[in-house]
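Content type mmCIF, N, CA and C atoms, from the file model23.cif:
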data_entry
#
loop_
_atom_site.label_atom_id
_atom_site.label_comp_id
_atom_site.auth_asym_id
_atom_site.auth_seq_id
_atom_site.Cartn_x
_atom_site.Cartn_y
_atom_site.Cartn_z
N MET A 595 43.88 86.31 125.66
CA MET A 595 44.44 87.59 126.09
C MET A 595 44.55 88.52 124.89
N TYR A 596 44.33 89.80 125.17
CA TYR A 596 44.49 90.83 124.15
C TYR A 596 45.62 91.75 124.57
N TRP A 597 46.13 92.52 123.63
CA TRP A 597 47.24 93.43 123.90
C TRP A 597 46.74 94.87 123.82
N CYS A 598 47.07 95.65 124.86
CA CYS A 598 46.68 97.07 124.91
C CYS A 598 47.81 97.90 124.33
N LYS A 599 47.52 98.68 123.31
CA LYS A 599 48.54 99.52 122.68
C LYS A 599 48.87 100.75 123.53
N HIS A 600 47.96 101.14 124.43
CA HIS A 600 48.17 102.34 125.24
C HIS A 600 49.23 102.13 126.31
N CYS A 601 49.15 100.98 127.00
CA CYS A 601 50.08 100.78 128.11
C CYS A 601 50.98 99.57 127.92
N ASP A 602 50.96 98.97 126.73
CA ASP A 602 51.80 97.81 126.41
C ASP A 602 51.65 96.69 127.45
N CYS A 603 50.42 96.28 127.67
CA CYS A 603 50.19 95.17 128.58
C CYS A 603 49.10 94.27 128.01
N ALA A 604 49.05 93.06 128.50
CA ALA A 604 48.03 92.11 128.07
C ALA A 604 46.87 92.18 129.05
N TYR A 605 45.66 92.00 128.55
CA TYR A 605 44.48 91.98 129.41
C TYR A 605 43.56 90.86 128.94
N PRO A 606 42.83 90.24 129.88
CA PRO A 606 41.96 89.12 129.51
C PRO A 606 40.71 89.59 128.80
N HIS A 607 40.21 88.75 127.91
CA HIS A 607 39.01 89.13 127.17
C HIS A 607 37.74 88.62 127.82
N GLY A 608 37.79 87.57 128.60
CA GLY A 608 36.60 87.06 129.27
C GLY A 608 35.55 86.61 128.28
N THR A 609 34.29 86.69 128.67
CA THR A 609 33.19 86.23 127.81
C THR A 609 32.50 87.38 127.09
N GLU A 610 32.85 88.62 127.41
CA GLU A 610 32.13 89.76 126.85
C GLU A 610 32.60 90.17 125.46
N GLY A 611 33.71 89.66 125.00
CA GLY A 611 34.21 90.01 123.67
C GLY A 611 35.30 91.06 123.74
N PRO A 612 36.00 91.27 122.62
CA PRO A 612 37.17 92.15 122.64
C PRO A 612 36.84 93.62 122.90
N SER A 613 35.78 94.16 122.33
CA SER A 613 35.52 95.59 122.50
C SER A 613 35.10 95.91 123.93
N ALA A 614 34.25 95.09 124.52
CA ALA A 614 33.84 95.33 125.91
C ALA A 614 35.02 95.13 126.86
N ALA A 615 35.87 94.15 126.57
CA ALA A 615 37.04 93.92 127.42
C ALA A 615 38.01 95.10 127.33
N LEU A 616 38.17 95.66 126.14
CA LEU A 616 39.06 96.82 126.00
C LEU A 616 38.50 98.02 126.74
N ARG A 617 37.18 98.25 126.65
CA ARG A 617 36.57 99.37 127.39
C ARG A 617 36.78 99.20 128.89
N LYS A 618 36.59 97.97 129.40
CA LYS A 618 36.80 97.72 130.82
C LYS A 618 38.26 97.93 131.19
N HIS A 619 39.18 97.45 130.36
CA HIS A 619 40.60 97.62 130.64
C HIS A 619 40.97 99.10 130.67
N ILE A 620 40.50 99.86 129.70
CA ILE A 620 40.82 101.30 129.66
C ILE A 620 40.22 102.00 130.87
N ARG A 621 39.00 101.64 131.24
CA ARG A 621 38.36 102.25 132.41
C ARG A 621 39.15 101.94 133.68
N ASP A 622 39.68 100.72 133.78
CA ASP A 622 40.41 100.32 134.99
C ASP A 622 41.84 100.85 135.03
N HIS A 623 42.51 100.95 133.89
CA HIS A 623 43.94 101.25 133.87
C HIS A 623 44.30 102.64 133.36
N HIS A 624 43.39 103.32 132.72
CA HIS A 624 43.69 104.64 132.16
C HIS A 624 42.69 105.64 132.72
N PRO A 625 43.09 106.41 133.75
CA PRO A 625 42.16 107.39 134.32
C PRO A 625 41.83 108.47 133.30
N PRO A 626 40.67 109.11 133.44
CA PRO A 626 40.32 110.19 132.51
C PRO A 626 41.29 111.37 132.67
N PRO A 627 41.44 112.17 131.63
CA PRO A 627 42.36 113.31 131.72
C PRO A 627 41.85 114.32 132.75
N PRO A 628 42.75 115.04 133.40
CA PRO A 628 42.33 116.02 134.39
C PRO A 628 41.57 117.17 133.74
N GLU A 629 40.74 117.80 134.53
CA GLU A 629 39.99 118.96 134.04
C GLU A 629 40.96 120.09 133.71
N THR A 630 40.73 120.74 132.60
CA THR A 630 41.65 121.80 132.18
C THR A 630 41.21 123.16 132.69
N GLY A 631 40.02 123.28 133.22
CA GLY A 631 39.54 124.55 133.73
C GLY A 631 38.85 125.35 132.65
N PRO A 632 38.52 126.59 132.95
CA PRO A 632 37.81 127.42 131.98
C PRO A 632 38.70 127.76 130.79
N PRO A 633 38.10 128.07 129.65
CA PRO A 633 38.91 128.42 128.48
C PRO A 633 39.70 129.71 128.71
N VAL A 634 40.84 129.79 128.11
CA VAL A 634 41.71 130.95 128.26
C VAL A 634 41.30 132.01 127.24
N ILE A 635 41.13 133.24 127.72
CA ILE A 635 40.79 134.36 126.84
C ILE A 635 42.10 134.96 126.35
N THR A 636 42.28 134.98 125.05
CA THR A 636 43.52 135.50 124.47
C THR A 636 43.30 136.92 123.96
N GLY A 637 44.37 137.55 123.53
CA GLY A 637 44.27 138.89 122.96
C GLY A 637 43.42 138.92 121.71
N ARG A 638 43.44 137.84 120.96
CA ARG A 638 42.62 137.76 119.74
C ARG A 638 41.13 137.82 120.08
N HIS A 639 40.74 137.16 121.17
CA HIS A 639 39.34 137.21 121.59
C HIS A 639 38.94 138.64 121.97
N ILE A 640 39.82 139.33 122.64
CA ILE A 640 39.53 140.71 123.06
C ILE A 640 39.40 141.61 121.85
N VAL A 641 40.29 141.48 120.88
CA VAL A 641 40.23 142.30 119.67
C VAL A 641 38.94 142.04 118.91
N ILE A 642 38.57 140.78 118.76
CA ILE A 642 37.32 140.45 118.05
C ILE A 642 36.13 141.02 118.80
N GLY A 643 36.13 140.92 120.12
CA GLY A 643 35.04 141.49 120.91
C GLY A 643 34.93 142.99 120.75
N LEU A 644 36.07 143.68 120.74
CA LEU A 644 36.05 145.14 120.55
C LEU A 644 35.57 145.51 119.15
N LEU A 645 35.96 144.74 118.15
CA LEU A 645 35.48 145.00 116.78
C LEU A 645 33.97 144.81 116.68
N VAL A 646 33.46 143.78 117.33
CA VAL A 646 32.01 143.55 117.32
C VAL A 646 31.29 144.70 118.03
N LEU A 647 31.81 145.15 119.16
CA LEU A 647 31.19 146.28 119.86
C LEU A 647 31.24 147.55 119.01
N ALA A 648 32.35 147.80 118.34
CA ALA A 648 32.45 148.98 117.48
C ALA A 648 31.46 148.89 116.33
N ALA A 649 31.31 147.70 115.74
CA ALA A 649 30.36 147.54 114.63
C ALA A 649 28.93 147.75 115.12
N LEU A 650 28.59 147.25 116.29
CA LEU A 650 27.25 147.45 116.83
C LEU A 650 26.99 148.92 117.15
N ALA A 651 28.00 149.61 117.68
CA ALA A 651 27.85 151.04 117.97
C ALA A 651 27.66 151.82 116.68
N TRP A 652 28.40 151.46 115.64
CA TRP A 652 28.27 152.15 114.35
C TRP A 652 26.88 151.91 113.76
N ILE A 653 26.40 150.68 113.83
CA ILE A 653 25.06 150.37 113.31
C ILE A 653 24.01 151.11 114.13
N GLY A 654 24.20 151.20 115.43
CA GLY A 654 23.26 151.93 116.29
C GLY A 654 23.22 153.40 115.94
N ARG A 655 24.36 154.00 115.68
CA ARG A 655 24.39 155.42 115.29
C ARG A 655 23.78 155.61 113.91
N LEU A 656 24.01 154.66 113.02
CA LEU A 656 23.50 154.76 111.66
C LEU A 656 21.97 154.75 111.65
N PHE A 657 21.37 153.86 112.41
CA PHE A 657 19.91 153.75 112.42
C PHE A 657 19.28 154.63 113.49
N GLY A 658 20.04 155.13 114.42
CA GLY A 658 19.49 155.95 115.49
C GLY A 658 19.12 157.36 115.06
N HIS A 659 19.74 157.91 114.02
CA HIS A 659 19.49 159.29 113.60
C HIS A 659 18.44 159.39 112.51
N SER A 660 17.90 158.30 112.02
CA SER A 660 16.94 158.42 110.93
C SER A 660 15.52 158.48 111.40
#
In C-alpha cells, what does this structure look like?
Amino acid sequence: MYWCKHCDCAYPHGTEGPSAALRKHIRDHHPPPPETGPPVITGRHIVIGLLVLAALAWIGRLFGHS
C-alpha cells in the first residue's frame, strides 16, 4: 500500500508500480478542476489596447503624409 498526500488515504500499488498506481488513484479519486471559462478582460488590458491603437494611428499618420 502507498499513501496519498492529497487525500490522506492509502491506495494499493498492484503490479504496475508506484507511479502508475498513483496516476490511477488520482484519476479515480481526484476529479479534474472545473473549467474557469474565458479569460477576464481587466482595465489594464483595455489601457494597453488603447495605447497600441494610438501608437498605430500615430505611425500611420507619420508615414501617410510622406
Quick check on the file I pasted: which residues fall under the PyMOL selection byres (((chain A and resi 617-633 and name CA) around 9) and name CA)? Write them as a PyMOL selection string. chain A and resi 598+600-601+605-606+612-616+634-635
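All residues of chain A that DSSP, run on the backbone, classes as strand (DSSP E or B) are Tyr596, Trp597, Cys598, Cys603, Ala604 and Tyr605 of chain A.
From atom N of Gly658 of chain A back to atom N of Ile642 of chain A, the distance works out to 23.8 Å.
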List every residue of chain A that DSSP, applied to the backbone, labels as alpha helix (DSSP H), and write the result as a PyMOL selection string. chain A and resi 612-623+637-658
Point-to-point distance from atom CA of Arg655 of chain A to atom CA of Gly637 of chain A, Å rounded to tenths: 27.0 Å
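Here atom C of Phe657 of chain A stands at a distance of 21.3 Å from atom N of Leu644 of chain A.
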Just write chain A with C-alpha atoms, as a PDB file, in the first residue's frame, taken from the block above.
ATOM      1  CA  MET A 595       0.000   0.000   0.000  1.00  0.00           C
ATOM      2  CA  TYR A 596       1.062   3.558  -0.714  1.00  0.00           C
ATOM      3  CA  TRP A 597      -0.043   6.771   0.980  1.00  0.00           C
ATOM      4  CA  CYS A 598      -1.676   9.616  -0.969  1.00  0.00           C
ATOM      5  CA  LYS A 599      -0.654  13.053   0.304  1.00  0.00           C
ATOM      6  CA  HIS A 600      -3.597  14.733  -1.460  1.00  0.00           C
ATOM      7  CA  CYS A 601      -6.442  12.979   0.320  1.00  0.00           C
ATOM      8  CA  ASP A 602      -4.624  11.265   3.232  1.00  0.00           C
ATOM      9  CA  CYS A 603      -5.614   7.756   2.258  1.00  0.00           C
ATOM     10  CA  ALA A 604      -3.853   4.522   1.410  1.00  0.00           C
ATOM     11  CA  TYR A 605      -4.124   3.005  -2.062  1.00  0.00           C
ATOM     12  CA  PRO A 606      -2.889  -0.338  -3.418  1.00  0.00           C
ATOM     13  CA  HIS A 607       0.092  -0.441  -5.727  1.00  0.00           C
ATOM     14  CA  GLY A 608      -0.752  -3.642  -7.613  1.00  0.00           C
ATOM     15  CA  THR A 609       1.722  -4.894 -10.210  1.00  0.00           C
ATOM     16  CA  GLU A 610       2.092  -1.686 -12.227  1.00  0.00           C
ATOM     17  CA  GLY A 611       4.447   0.086  -9.827  1.00  0.00           C
ATOM     18  CA  PRO A 612       4.126   3.180  -7.640  1.00  0.00           C
ATOM     19  CA  SER A 613       3.904   5.894 -10.321  1.00  0.00           C
ATOM     20  CA  ALA A 614       1.227   4.144 -12.388  1.00  0.00           C
ATOM     21  CA  ALA A 615      -0.716   3.304  -9.225  1.00  0.00           C
ATOM     22  CA  LEU A 616      -0.601   6.931  -8.101  1.00  0.00           C
ATOM     23  CA  ARG A 617      -1.818   8.135 -11.521  1.00  0.00           C
ATOM     24  CA  LYS A 618      -4.714   5.655 -11.367  1.00  0.00           C
ATOM     25  CA  HIS A 619      -5.539   6.680  -7.786  1.00  0.00           C
ATOM     26  CA  ILE A 620      -5.529  10.390  -8.676  1.00  0.00           C
ATOM     27  CA  ARG A 621      -7.658   9.738 -11.760  1.00  0.00           C
ATOM     28  CA  ASP A 622     -10.176   7.763  -9.672  1.00  0.00           C
ATOM     29  CA  HIS A 623     -10.290   9.933  -6.532  1.00  0.00           C
ATOM     30  CA  HIS A 624      -9.402  13.470  -7.623  1.00  0.00           C
ATOM     31  CA  PRO A 625     -11.644  14.892 -10.362  1.00  0.00           C
ATOM     32  CA  PRO A 626     -10.112  17.481 -12.697  1.00  0.00           C
ATOM     33  CA  PRO A 627     -10.635  21.136 -11.739  1.00  0.00           C
ATOM     34  CA  PRO A 628     -13.754  22.779 -13.179  1.00  0.00           C
ATOM     35  CA  GLU A 629     -13.472  24.910 -16.283  1.00  0.00           C
ATOM     36  CA  THR A 630     -12.834  28.524 -15.390  1.00  0.00           C
ATOM     37  CA  GLY A 631     -14.348  29.967 -18.549  1.00  0.00           C
ATOM     38  CA  PRO A 632     -12.910  32.632 -20.816  1.00  0.00           C
ATOM     39  CA  PRO A 633     -10.164  34.915 -19.513  1.00  0.00           C
ATOM     40  CA  VAL A 634     -11.293  38.071 -17.760  1.00  0.00           C
ATOM     41  CA  ILE A 635     -10.502  41.349 -19.521  1.00  0.00           C
ATOM     42  CA  THR A 636      -9.282  43.871 -16.972  1.00  0.00           C
ATOM     43  CA  GLY A 637      -8.852  47.625 -17.176  1.00  0.00           C
ATOM     44  CA  ARG A 638      -5.137  47.121 -17.733  1.00  0.00           C
ATOM     45  CA  HIS A 639      -5.863  45.136 -20.897  1.00  0.00           C
ATOM     46  CA  ILE A 640      -8.095  47.926 -22.186  1.00  0.00           C
ATOM     47  CA  VAL A 641      -5.479  50.610 -21.473  1.00  0.00           C
ATOM     48  CA  ILE A 642      -2.756  48.607 -23.232  1.00  0.00           C
ATOM     49  CA  GLY A 643      -5.057  48.039 -26.205  1.00  0.00           C
ATOM     50  CA  LEU A 644      -5.833  51.754 -26.464  1.00  0.00           C
ATOM     51  CA  LEU A 645      -2.129  52.623 -26.262  1.00  0.00           C
ATOM     52  CA  VAL A 646      -1.368  50.167 -29.067  1.00  0.00           C
ATOM     53  CA  LEU A 647      -4.145  51.648 -31.204  1.00  0.00           C
ATOM     54  CA  ALA A 648      -2.884  55.183 -30.543  1.00  0.00           C
ATOM     55  CA  ALA A 649       0.672  54.153 -31.472  1.00  0.00           C
ATOM     56  CA  LEU A 650      -0.529  52.538 -34.705  1.00  0.00           C
ATOM     57  CA  ALA A 651      -2.579  55.626 -35.583  1.00  0.00           C
ATOM     58  CA  TRP A 652       0.435  57.855 -34.927  1.00  0.00           C
ATOM     59  CA  ILE A 653       2.672  55.657 -37.089  1.00  0.00           C
ATOM     60  CA  GLY A 654       0.016  55.668 -39.812  1.00  0.00           C
ATOM     61  CA  ARG A 655      -0.161  59.463 -39.796  1.00  0.00           C
ATOM     62  CA  LEU A 656       3.626  59.717 -39.739  1.00  0.00           C
ATOM     63  CA  PHE A 657       4.106  57.572 -42.834  1.00  0.00           C
ATOM     64  CA  GLY A 658       0.843  58.518 -44.530  1.00  0.00           C
ATOM     65  CA  HIS A 659       1.843  62.136 -45.330  1.00  0.00           C
ATOM     66  CA  SER A 660       5.220  61.439 -46.910  1.00  0.00           C
TER      67      SER A 660
END
